[in-house]
$ cat start36.csv   # CSV, C-alpha atoms and all ligand atoms
chain,number,residue,atom,x,y,z
J,1,MET,CA,0.0,0.0,0.0
J,2,PRO,CA,1.5,3.4,-0.9
J,3,THR,CA,1.9,5.7,2.0
J,4,GLN,CA,0.9,9.3,1.7
J,5,GLN,CA,4.0,11.3,2.4
J,6,SER,CA,2.3,14.3,4.0
J,7,SER,CA,0.1,12.4,6.4
J,8,GLY,CA,3.0,11.1,8.5
J,9,LEU,CA,4.7,14.5,9.0
J,10,ASN,CA,4.7,16.7,12.0
J,11,LYS,CA,4.5,20.5,11.8
J,12,ASP,CA,8.3,20.7,11.9
J,13,GLY,CA,8.6,18.2,9.0
J,14,SER,CA,9.8,15.3,11.2
J,15,ALA,CA,8.3,11.9,10.6
J,16,SER,CA,5.4,10.8,12.8
J,17,SER,CA,5.8,7.5,14.7
J,18,ARG,CA,2.1,6.5,13.9
J,19,PRO,CA,1.4,7.4,10.3
J,20,ASP,CA,-2.1,6.0,10.1
J,21,ASP,CA,-3.8,7.4,13.1
J,22,ALA,CA,-6.5,10.1,13.5
J,23,VAL,CA,-3.9,12.7,14.6
J,24,SER,CA,-1.8,12.2,11.5
J,25,ASP,CA,-4.9,12.4,9.3
J,26,LEU,CA,-6.0,15.7,10.9
J,27,MET,CA,-2.4,17.0,10.6
J,28,ALA,CA,-2.4,16.2,6.9
J,29,ASP,CA,-5.6,18.3,6.5
J,30,HIS,CA,-3.8,21.2,8.3
J,31,ARG,CA,-0.9,21.1,5.8
J,32,LYS,CA,-3.4,21.1,2.9
J,33,VAL,CA,-5.1,24.2,4.2
J,34,GLU,CA,-1.8,25.9,4.9
J,35,ASP,CA,-0.8,25.3,1.3
J,36,LEU,CA,-4.1,26.8,0.0
J,37,PHE,CA,-3.5,29.9,2.2
J,38,LYS,CA,0.0,30.2,0.7
J,39,GLN,CA,-1.4,30.0,-2.8
J,40,TYR,CA,-3.8,32.8,-1.9
J,41,GLU,CA,-0.9,35.0,-0.8
J,42,LYS,CA,0.6,34.5,-4.3
J,43,ALA,CA,-2.7,35.1,-6.2
J,44,GLY,CA,-2.1,38.9,-6.4
J,45,ASP,CA,-5.0,40.7,-8.1
J,46,ASN,CA,-6.4,37.6,-9.7
J,47,ALA,CA,-9.9,37.9,-8.4
J,48,GLU,CA,-11.1,34.6,-10.0
J,49,LYS,CA,-8.3,32.7,-8.5
J,50,LYS,CA,-8.7,34.3,-5.1
J,51,GLN,CA,-12.4,33.4,-5.0
J,52,ARG,CA,-11.7,29.8,-6.1
J,53,LEU,CA,-9.0,29.4,-3.4
J,54,VAL,CA,-11.3,30.8,-0.7
J,55,ALA,CA,-14.0,28.4,-1.8
J,56,GLN,CA,-11.5,25.5,-1.5
J,57,ILE,CA,-10.2,26.8,1.9
J,58,THR,CA,-13.7,27.1,3.4
J,59,HIS,CA,-14.7,23.7,2.0
J,60,GLU,CA,-11.6,22.0,3.5
J,61,LEU,CA,-12.0,23.8,6.8
J,62,ARG,CA,-15.7,23.0,7.1
J,63,VAL,CA,-15.2,19.3,6.5
J,64,HIS,CA,-12.1,19.2,8.8
J,65,MET,CA,-13.9,21.1,11.6
J,66,ALA,CA,-17.0,18.8,11.2
J,67,ILE,CA,-15.0,15.6,11.7
J,68,GLU,CA,-13.2,17.1,14.6
J,69,GLU,CA,-16.4,18.3,16.3
J,70,GLU,CA,-18.5,15.3,15.5
J,71,ILE,CA,-15.9,12.6,16.1
J,72,PHE,CA,-12.4,13.5,17.3
J,73,TYR,CA,-13.2,16.1,19.9
J,74,PRO,CA,-16.0,14.1,21.6
J,75,ALA,CA,-13.8,11.0,21.6
J,76,SER,CA,-11.0,12.9,23.3
J,77,ARG,CA,-13.1,14.3,26.1
J,78,ASP,CA,-12.5,11.3,28.4
J,79,PHE,CA,-8.7,11.6,27.9
J,80,VAL,CA,-7.7,15.2,27.9
J,81,GLU,CA,-8.4,18.5,29.8
J,82,SER,CA,-11.9,19.7,28.9
J,83,ASP,CA,-10.6,23.3,28.8
J,84,MET,CA,-8.5,22.4,25.8
J,85,VAL,CA,-11.5,20.9,23.9
J,86,ASN,CA,-13.8,23.8,24.8
J,87,GLU,CA,-11.2,26.3,23.6
J,88,ALA,CA,-10.8,24.5,20.3
J,89,GLU,CA,-14.6,24.5,19.8
J,90,VAL,CA,-14.8,28.2,20.4
J,91,GLU,CA,-11.9,28.8,18.0
J,92,HIS,CA,-13.8,26.9,15.3
J,93,GLN,CA,-16.8,29.1,15.9
J,94,GLY,CA,-14.7,32.2,15.3
J,95,ALA,CA,-13.4,30.8,12.1
J,96,LYS,CA,-16.9,29.9,10.9
J,97,THR,CA,-18.1,33.5,11.5
J,98,LEU,CA,-15.2,34.8,9.3
J,99,MET,CA,-15.9,32.2,6.6
J,100,GLU,CA,-19.6,33.2,6.5
J,101,GLU,CA,-18.6,36.9,6.1
J,102,LEU,CA,-16.1,36.0,3.4
J,103,GLU,CA,-18.8,34.1,1.5
J,104,GLY,CA,-20.9,37.2,1.4
J,105,MET,CA,-18.1,39.3,-0.1
J,106,SER,CA,-16.4,39.6,-3.5
J,107,PRO,CA,-12.6,39.5,-4.0
J,108,GLU,CA,-12.8,43.1,-5.2
J,109,ASP,CA,-14.1,44.2,-1.8
J,110,GLU,CA,-11.7,46.4,0.1
J,111,TYR,CA,-11.7,44.1,3.1
J,112,TYR,CA,-11.6,40.8,1.4
J,113,ASP,CA,-7.8,40.3,1.7
J,114,ALA,CA,-7.9,41.4,5.3
J,115,LYS,CA,-10.6,38.9,6.2
J,116,VAL,CA,-8.7,36.1,4.5
J,117,LYS,CA,-5.5,37.1,6.3
J,118,VAL,CA,-7.2,37.2,9.7
J,119,LEU,CA,-8.8,33.8,9.0
J,120,GLN,CA,-5.4,32.4,8.1
J,121,GLU,CA,-3.9,33.8,11.3
J,122,GLN,CA,-6.7,32.4,13.4
J,123,ILE,CA,-6.3,29.0,11.8
J,124,GLU,CA,-2.5,29.1,12.3
J,125,HIS,CA,-3.0,29.8,16.0
J,126,HIS,CA,-5.6,27.0,16.3
J,127,VAL,CA,-3.5,24.5,14.4
J,128,GLU,CA,-0.4,25.4,16.6
J,129,GLU,CA,-2.4,24.7,19.7
J,130,GLU,CA,-3.8,21.4,18.4
J,131,GLU,CA,-0.4,20.2,17.3
J,132,THR,CA,1.7,21.3,20.3
J,133,GLU,CA,-0.8,20.7,23.1
J,134,TYR,CA,-4.0,18.9,22.2
J,135,PHE,CA,-2.8,16.2,19.8
J,136,PRO,CA,0.3,15.3,21.8
J,137,ALA,CA,-2.0,14.8,24.9
J,138,CYS,CA,-4.2,12.5,22.8
J,139,ARG,CA,-1.2,10.5,21.6
J,140,LYS,CA,0.0,10.0,25.2
J,141,SER,CA,-3.5,8.8,26.2
J,142,GLU,CA,-5.3,5.5,25.6
J,143,MET,CA,-7.5,7.0,22.8
J,144,ASP,CA,-8.2,4.5,20.0
J,145,LEU,CA,-6.6,6.7,17.3
J,146,LYS,CA,-6.8,4.0,14.6
J,147,GLY,CA,-10.5,3.4,15.3
J,148,ILE,CA,-11.3,7.1,15.3
J,149,ALA,CA,-9.3,7.5,12.0
J,150,ASP,CA,-11.7,4.9,10.4
J,151,GLN,CA,-14.8,6.7,11.7
J,152,MET,CA,-13.4,10.1,10.5
J,153,GLU,CA,-12.6,8.7,7.1
J,154,SER,CA,-16.2,7.4,6.4
J,155,ARG,CA,-17.7,10.7,7.7
J,156,LYS,CA,-15.3,12.7,5.5
J,157,ALA,CA,-16.4,10.7,2.5
J,158,GLU,CA,-20.1,11.4,3.3
J,159,LEU,CA,-19.4,15.1,3.7
J,160,ALA,CA,-17.3,15.3,0.5
J,161,SER,CA,-20.1,13.6,-1.6
J,162,ALA,CA,-22.7,15.9,-0.1
J,163,ALA,CA,-20.7,19.1,-1.0
M,1,FE,FE,-7.6,20.6,13.2
M,2,FE,FE,-9.7,22.2,15.1
$ encode --input "start36.csv" --output "C-alpha cells"
Amino acid sequence: MPTQQSSGLNKDGSASSRPDDAVSDLMADHRKVEDLFKQYEKAGDNAEKKQRLVAQITHELRVHMAIEEEIFYPASRDFVESDMVNEAEVEHQGAKTLMEELEGMSPEDEYYDAKVKVLQEQIEHHVEEEETEYFPACRKSEMDLKGIADQMESRKAELASAA
C-alpha cells in the first residue's frame, strides 16, 4: 500500500511515529489548508483565482472542523483536559463566522484580503495549539486513534459527496 508522504509528518517536518492514526490524518488536513492559504498569498490581483481558493479553503475547513467536532473532539473528552477541547470548539466558531462573512463578499471588496489574512492567522494559531498541546496529549493517552481514524474517514467521504 503506498503511504501518503504528507500524512505522516509533524508540523516541523519530522516523521510521525504513527502514520495511520487520527492525529496524522488531521495534521495532513492542516498542511493542505496551509498550502491553500500560501497559494492565496501569491494570487495577487487575480480575483477569480482568489475566489476559487477561498471556496477551497472554506470547504476544506468545514469538512475538517465537522469531523473534529463530531468525532475526534468528543472521543477525546475522556482523555484530555476539557478546557482544551472547549477552547478548540470556540476557535472553530470564530473561524466559521469569518468564513460566512467572506462568502458574502467579493474579492474586489476592500476588506476581502484582510478577512482572508485574519482567517489564516486564526487558523494558524488554532493548528499550533492542536499540534503542540491537544494532539500530543491525545497521543499520550489510551485513545483509539486508529478506530477514530476509520470513523473520520467514512464521515469525511459522506461530507465530501454531499458538497
Ligand atoms: Fe484541526
Ligand atoms: Fe480544530
$ residues_near_ligand --input "start36.csv" --ligand "ligand FE 2 (chain M)" --cutoff "7 Å" --atoms "all atoms listed in the file" --output "list in words"
Met65, Glu68, Ala88, His92, His126, Val127 and Glu130 of chain J
$ residues_around --input "start36.csv" --residues "J:Phe72" --least-positions-apart "3" --cutoff "12 Å" --atoms "all atoms listed in the file" --output "JSON, numbers by chain"
{"J": [21, 22, 23, 25, 26, 64, 65, 66, 67, 68, 69, 75, 76, 77, 78, 79, 80, 85, 88, 89, 130, 134, 135, 138, 143, 144, 145, 146, 147, 148, 149, 150, 151, 152, 153, 155]}
$ write_last_selection --input "start36.csv" --atoms "C-alpha atoms" --output "PDB file, in the frame of the given file"
ATOM      1  CA  ASP J  21      -3.800   7.400  13.100  1.00  0.00           C
ATOM      2  CA  ALA J  22      -6.500  10.100  13.500  1.00  0.00           C
ATOM      3  CA  VAL J  23      -3.900  12.700  14.600  1.00  0.00           C
ATOM      4  CA  ASP J  25      -4.900  12.400   9.300  1.00  0.00           C
ATOM      5  CA  LEU J  26      -6.000  15.700  10.900  1.00  0.00           C
ATOM      6  CA  HIS J  64     -12.100  19.200   8.800  1.00  0.00           C
ATOM      7  CA  MET J  65     -13.900  21.100  11.600  1.00  0.00           C
ATOM      8  CA  ALA J  66     -17.000  18.800  11.200  1.00  0.00           C
ATOM      9  CA  ILE J  67     -15.000  15.600  11.700  1.00  0.00           C
ATOM     10  CA  GLU J  68     -13.200  17.100  14.600  1.00  0.00           C
ATOM     11  CA  GLU J  69     -16.400  18.300  16.300  1.00  0.00           C
ATOM     12  CA  ALA J  75     -13.800  11.000  21.600  1.00  0.00           C
ATOM     13  CA  SER J  76     -11.000  12.900  23.300  1.00  0.00           C
ATOM     14  CA  ARG J  77     -13.100  14.300  26.100  1.00  0.00           C
ATOM     15  CA  ASP J  78     -12.500  11.300  28.400  1.00  0.00           C
ATOM     16  CA  PHE J  79      -8.700  11.600  27.900  1.00  0.00           C
ATOM     17  CA  VAL J  80      -7.700  15.200  27.900  1.00  0.00           C
ATOM     18  CA  VAL J  85     -11.500  20.900  23.900  1.00  0.00           C
ATOM     19  CA  ALA J  88     -10.800  24.500  20.300  1.00  0.00           C
ATOM     20  CA  GLU J  89     -14.600  24.500  19.800  1.00  0.00           C
ATOM     21  CA  GLU J 130      -3.800  21.400  18.400  1.00  0.00           C
ATOM     22  CA  TYR J 134      -4.000  18.900  22.200  1.00  0.00           C
ATOM     23  CA  PHE J 135      -2.800  16.200  19.800  1.00  0.00           C
ATOM     24  CA  CYS J 138      -4.200  12.500  22.800  1.00  0.00           C
ATOM     25  CA  MET J 143      -7.500   7.000  22.800  1.00  0.00           C
ATOM     26  CA  ASP J 144      -8.200   4.500  20.000  1.00  0.00           C
ATOM     27  CA  LEU J 145      -6.600   6.700  17.300  1.00  0.00           C
ATOM     28  CA  LYS J 146      -6.800   4.000  14.600  1.00  0.00           C
ATOM     29  CA  GLY J 147     -10.500   3.400  15.300  1.00  0.00           C
ATOM     30  CA  ILE J 148     -11.300   7.100  15.300  1.00  0.00           C
ATOM     31  CA  ALA J 149      -9.300   7.500  12.000  1.00  0.00           C
ATOM     32  CA  ASP J 150     -11.700   4.900  10.400  1.00  0.00           C
ATOM     33  CA  GLN J 151     -14.800   6.700  11.700  1.00  0.00           C
ATOM     34  CA  MET J 152     -13.400  10.100  10.500  1.00  0.00           C
ATOM     35  CA  GLU J 153     -12.600   8.700   7.100  1.00  0.00           C
ATOM     36  CA  ARG J 155     -17.700  10.700   7.700  1.00  0.00           C
TER      37      ARG J 155
END
$ closest_residue --input "start36.csv" --among "J:Lys38, J:Arg62, J:Lys117, J:Arg52" --to "ligand FE 1 (chain M)" --atoms "all atoms listed in the file"
J:Arg62
$ residues_around --input "start36.csv" --residues "J:Thr58" --least-positions-apart "5" --cutoff "12 Å" --atoms "all atoms listed in the file" --output "ChimeraX atom specification"
/J:32-33,36-37,51-53,63-66,92,95-103,116,119-120,123,163
$ atom_distance --input "start36.csv" --atom1 "atom CA of J:Tyr40" --atom2 "atom CA of J:Glu87"
27.3 Å
$ atom_distance --input "start36.csv" --atom1 "atom CA of J:Gly94" --atom2 "atom CA of J:Val118"
10.6 Å
$ atom_distance --input "start36.csv" --atom1 "atom CA of J:Gln39" --atom2 "atom CA of J:Ala157"
25.0 Å
$ closest_residue --input "start36.csv" --among "J:Ser161, J:Thr132, J:Ser141, J:Ser106" --to "J:Ala47" --atoms "all atoms listed in the file"
J:Ser106
$ closest_residue --input "start36.csv" --among "J:Ala55, J:Leu159, J:Val90, J:Met84" --to "J:Met105" --atoms "only C-alpha atoms"
J:Ala55
$ closest_residue --input "start36.csv" --among "J:Asp83, J:Glu121, J:Glu142, J:Glu60" --to "ligand FE 1 (chain M)" --atoms "all atoms listed in the file"
J:Glu60
